Every structure is written in structure tokens, then in C-alpha cells.
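A short write-up of the structure that comes next.
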Amino acid sequence: MTNYEQARRMVVDHVTPAGVEKVLLLEAAGRVLAEDYVAPKDMPRWDNSAMDGFAVRSADCAIGTVLKVTDYIPAGVSSDEAIAPGCAARIMTGAPIPPGADAVVPIEETEATAESVKLLQQVKKHDHIRFKGEDVASGDTVITKGTLIGPPQVSLLASFSAVLVPVYRRVRVAILSTGDELVDVGTEPTASQIVNSNTLALATAIKLCGAEPVILGIARDDRESHRALLDEGLKADVLITSAGVSAGDRDLVREVSAELGVEEKFWKPGIKPGGPTAFGMKGSVPVFSLPGNPVSTMITFEEFARPALLRMMGHEKVFRRTVSGVLKEGARKKAGKLNFLRVHVTLENGRYVASTSGDQNTGILKTMLRCNALALLPADRTEFAAGEEVDLHLLDPTLELEV
Ligand SMILES: Nc1nc2c(c(=O)[nH]1)N[C@H]1C(S)=C(S)[C@@H](COP(=O)(O)OP(=O)(O)OC[C@H]3O[C@@H](n4cnc5c(N)ncnc54)[C@H](O)[C@@H]3O)O[C@H]1N2
Ligand code: MOO
């Protein structure tokens with residue numbers, strides 16, 4: 001049996017970014033930059049005023065001096081008229097500094113009329129001037145490949161009029177549910193049937209990663225149906241299946257996948273829920289064969305598939321944050337497997353406190369609803385006391401926010 005940490009590492013080590021595309025700047029939000037961005041120009045492009053006030057020659061400016069106002073330069077206008085000795089130009093924030101001026105005096109530090117301005121405070125050379133290239137110099141690598149694109153990156157790219165941005169492309173993730181007992185959402189199940197909720201749960205998780213779900217439907221418990229749909233799924237960038245991976249006589253996923261050329265890298269990664277999870281590769285296509293219990297499907301997606309999808313879309317940080325927290329209640333488990341305890345975490349006096357989110361039986365879906373983190377109970381341990389420190393995978397990024 002592969003150990004959980006090895007298995008998780010193995011998954012991300014087997015995948016590489018799926019490709020690059022150019023998208024409109026607004027579409028780049030939340031994507032990962034695929035090439036270094038080199039500034040094509042200086043920013044600012046010219047020396048400009050950081051204040052509404054007066055552009056002056058600092059050598060003229062003793063406290064109490066009265067200067068003649070000879071020009072007016074609002075933002076969006078530039079003036080070629082040099083500031084003569086004893087003169088000043090009224091200037092607004094962002095407007096280019098006129099020739100001859102070497103400082104700006106904020107309006108609050110003056111007494112001004114339409115024609116003149118009296119200086120009330122000391123003025124130093126370069127006061128309140130934003131110099132050409134002081135923010136970004138032409139030729140600087142300002143955003144490196146691999147950066148997640150958020151508002152600051154968009155702001156910078158927009159200020160250079162970068163209309164199209166090279167980003168790693170979204171991956172297409174095929175989802176195949178398996179099982180004769182399944183009916184589609186919207187169909188009333190008979191006594192022995194269940195509704196295929198896993199496909200939509202997986203599609204939701206895939207969308208939330210920024211990837212594109214491709215729904216293949218339901219494979220029935222026969223080889224032909226499995227073969228046809230698995231084969232179709234292998235045309236996507238990633239294939240995820242649900243159910244049919246444990247020891248049942250109808251559990252065909254691993255066998256038929258192998259026949260189609262999927263090379264299995266691990267099965268049973270030493271965890272619970274998610275015991276019979278399998279992972280393999282066909283060429284560059286990772287194949288995640290997840291167990292069918294909805295809780296197991298979601299947790300194994302979270303722990304194995306999500307990091308792989310993010311890596312394939314160029315993300316460098318692919319694992320959820322692991323933090324230390326304390327258990328509110330004691331817990332017990334069998335030795336042998338790492339257990340993911342579904343917990344509800346709160347931040348109390350700067351400490352994460354993890355309380356069970358309900359019945360931990362794998363069949364209990366409701367326990368996922370309040371679950372905002374997974375507590376990792378190590379494989380070799382059996383008893384955990386209330387107050388004991390454990391590792392937590394925070395599933396909810398807002399956990400650290402104040403309310
Ligand atoms: N003899 C053994 N039996 C089982 C083992 C084992 O090691 N030896 N492992 C158990 C564990 S752990 C799990 S988890 C399950 C996983 O089995 P499968 O992945 O093969 O899935 P199924 O048995 O087909 O289904 C399990 C469960 O999930 C429901 N299900 C399946 N598909 C969906 C779907 N698309 N939407 C919603 N719910 C779904 C299904 O009805 C079953 O209740 O095996 C144990 N058995
Ligand atoms: O490991 Mo199974 O996934 O307990 O339910």
C-alpha cells in the first residue's frame with residue numbers, strides 16, 4: 001500500500017502544465033501567467049506631479065517668497081513652456097512636470113490667487129515629483145511566469161495596455177460515473193436505484209478549481225460500456241471516474257482502464273475515507289479512479305485530483321494550507337490508515353479549534369455540509385485526546401477572515 005504523502009507527491013510529480021493560450025486581460029483573472037512579463041516602457045512614462053499644487057524651481061523658493069503663476073497644467077495636458085525664474089505653474093496630480101521646474105508645492109502649503117502664489121513652507125528639490133521609470137523601468141521583468149493573476153497584476157498589465165495575456169490553459173476534465181444502480185439527476189429512482197450525485201459534485205469541484213468539466217454520463221457495469229466511455233474520457237486532459245474501484249465483482253474501472261493502456265501508479269493510498277482510490281497515467285493524461293461513496297469521492301478529489309488540476313493549469317501552490325489546530329473532542333480510529341476527520345474549524349484567540357462536523361461514517365453525506373477542514377489523524381495512531389494538536393487541511397480560504 002502506498003503511503004498517503006508519497007501518493008499525493010506522486011500525483012503532482014506526474015503532471016505538467018497542459019499548454020498555453022492568449023486570453024483577454026479580464027479573462028486572465030485567476031489564471032497563471034505563462035511567460036515573464038517584461039515592461040515595454042518606463043512607468044511613469046514622464047516625470048509628473050504627485051500633488052495638486054504648483055510646479056516651481058526649488059532654487060527660487062525661500063519661505064515667504066511670492067511667485068508669479070504663468071501656466072496651468074491639468075492632468076491630461078502637457079506644457080512645453082519652461083518655468084522662468086520667479087515663476088510657477090499651477091499643476092494637477094498626474095500632469096507632466098514642465099521644463100525648468102524641479103519640485104511641486106502642494107496647494108495646502110501656499111496662499112494663492114489666480115496670478116500669484118506665496119510659499120508658506122520650505123521647498124526641497126524633487127519634492128512631490130514622481131520620476132519617469134521610478135515605478136517600473138523599461139525592460140524590467142515585472143511579473144514572473146507562474147504568477148497567479150489578480151487585481152495588482154491586471155492593474156499593471158492594463159497600464160501598459162496589454163490586451164492579450166499568455167496564461168496556462170484551463171484543463172478539460174472528463175467525469176465518468178459508473179454503476180448499474182445510478183439514474184440521472186431529475187429521474188425518480190426506484191427502490192434499488194440511487195441518483196448520480198457524484199458527477200455534479202465533481203463538476204462543481206472542478207469548476208471551483210478553474211477547470212472545465214466534461215460530463216460523460218454513466219458507465220453501466222459491463223466491459224463494453226466501461227470501455228467505450230473510458231476511451232472517450234481519455235481524450236480529455238484529465239479523466240476522473242467515480243465508483244467501481246473496490247473489490248466487488250462488478251468493479252471494472254481499474255481492469256478496463258489497464259486494458260486501455262492506463263498505467264496504474266497506485267491503488268489504496270492508505271487513507272480513510274477513500275480507501276480504494278486508484279491513480280494512473282495514460283501518456284500525459286492522469287486518471288483518478290475515485291471511490292463511489294459521495295463523501296469519499298469529494299475527499300479524494302480534494303486530496304489528489306485538485307492539486308493535479310492546479311499544477312496542470314500552471315499553479316505553483318497546489319496544496320491547501322496545512323495548519324496546526326486542536327481537537328475539541330477526542331477521537332478514535334483503527335491503526336493502519338491515515339484518517340480524514342471531517343471537522344468544523346473556528347479561529348479562537350488565534351488558535352484553530354476543530355470540532356467534529358458530525359457522524360464520521362463514510363456513508364454520512366450530511367457531515368460534509370458543515371465541514372470546512374479535514375483533520376489528519378496519522379495512520380499509526382488510534383486514540384486522540386480532546387485538546388490534542390493535529391494537522392488541518394483548511395478547505396475554506398475565508399477561515400482566516402474577520403467577520
Ligand atoms: N470487500 C470490500 N468491500 C469494500 C471495500 C473493500 O476494500 N473490500 N471498500 C469499501 C470502501 S472503503 C468503499 S469507499 C467502497 C467504494 O466502492 P466503489 O468505489 O467500488 O463504489 P461502489 O461500491 O460502486 O459504490 C459505493 C457507494 O457509493 C454510491 N455511489 C456510487 N456511485 C455514485 C454516484 N455516482 N453518485 C452517488 N452515489 C454513488 C453507491 O451507491 C454505494 O453506496 O467500497 C467498500 N466496499
Ligand atoms: O474508504 Mo471508503 O472511501 O471508507 O468509504
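Chain labels run A, B, ... following the order of the C-alpha cells; each chain numbers its residues from 1, and ligands are numbered from 1 in the order shown.
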
Could you pull out the residues sitting within 7 Å of ligand 1, using only C-alpha atoms and all ligand atoms, and write them as a ChimeraX atom specification? /A:177-179,181-182,194-199,242-248,251,272-276,290-294,296

Test item, alpha helix (DSSP H) assignment across segment 150-358 of chain A, answer as a PyMOL selection string: chain A and resi 151-159+198-208+223-233+253-259+294-300+306-312

As a short mmCIF file (atom, residue, chain, number, x, y, z; two decimals) with N, CA and C atoms, in the first residue's frame, please: the residues near Val171 of chain A (cut-off 7 Å, only C-alpha atoms, same-chain neighbours under 4 positions excluded).
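In the end it all went to around-v8.cif:
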```
data_model
loop_
_atom_site.label_atom_id
_atom_site.label_comp_id
_atom_site.auth_asym_id
_atom_site.auth_seq_id
_atom_site.Cartn_x
_atom_site.Cartn_y
_atom_site.Cartn_z
N ALA A 18 -0.66 21.94 -19.05
CA ALA A 18 -1.30 21.36 -20.23
C ALA A 18 -1.11 22.20 -21.50
N ALA A 211 -11.13 24.78 -13.72
CA ALA A 211 -11.04 23.87 -14.86
C ALA A 211 -12.44 23.66 -15.46
N GLU A 212 -12.45 22.91 -16.58
CA GLU A 212 -13.72 22.76 -17.31
C GLU A 212 -14.21 21.31 -17.24
N ASP A 237 -8.11 16.14 -20.97
CA ASP A 237 -6.79 16.35 -20.35
C ASP A 237 -6.64 15.51 -19.10
N MET A 313 -2.67 23.58 -14.62
CA MET A 313 -3.05 24.93 -15.07
C MET A 313 -2.00 25.95 -14.62
#
```

Backbone DSSP call of strand (DSSP E) for segment 63-216 of chain A, listed as number ranges by chain: A: 66-73, 87-91, 103-106, 110-112, 116-119, 129-130, 141-143, 164-168, 172-178, 182-183, 194-195, 212-216

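Separating atom CA of Ala258 of chain A from atom CA of Lys282 of chain A is a distance of 9.2 Å.
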
When you look at Thr113 of chain A with a cut-off of 12 Å (counting only C-alpha atoms), what residues show up, excluding the ones that are within fewer than 5 positions of it in the same chain? I need them as an MDAnalysis selection string. chainID A and resid 54 66:70 90 107 118:119

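Across A:Glu348, A:Gly210, A:Ala101, A:Thr362, the tightest approach to Arg169 of chain A is made by A:Gly210 when counting only C-alpha atoms.
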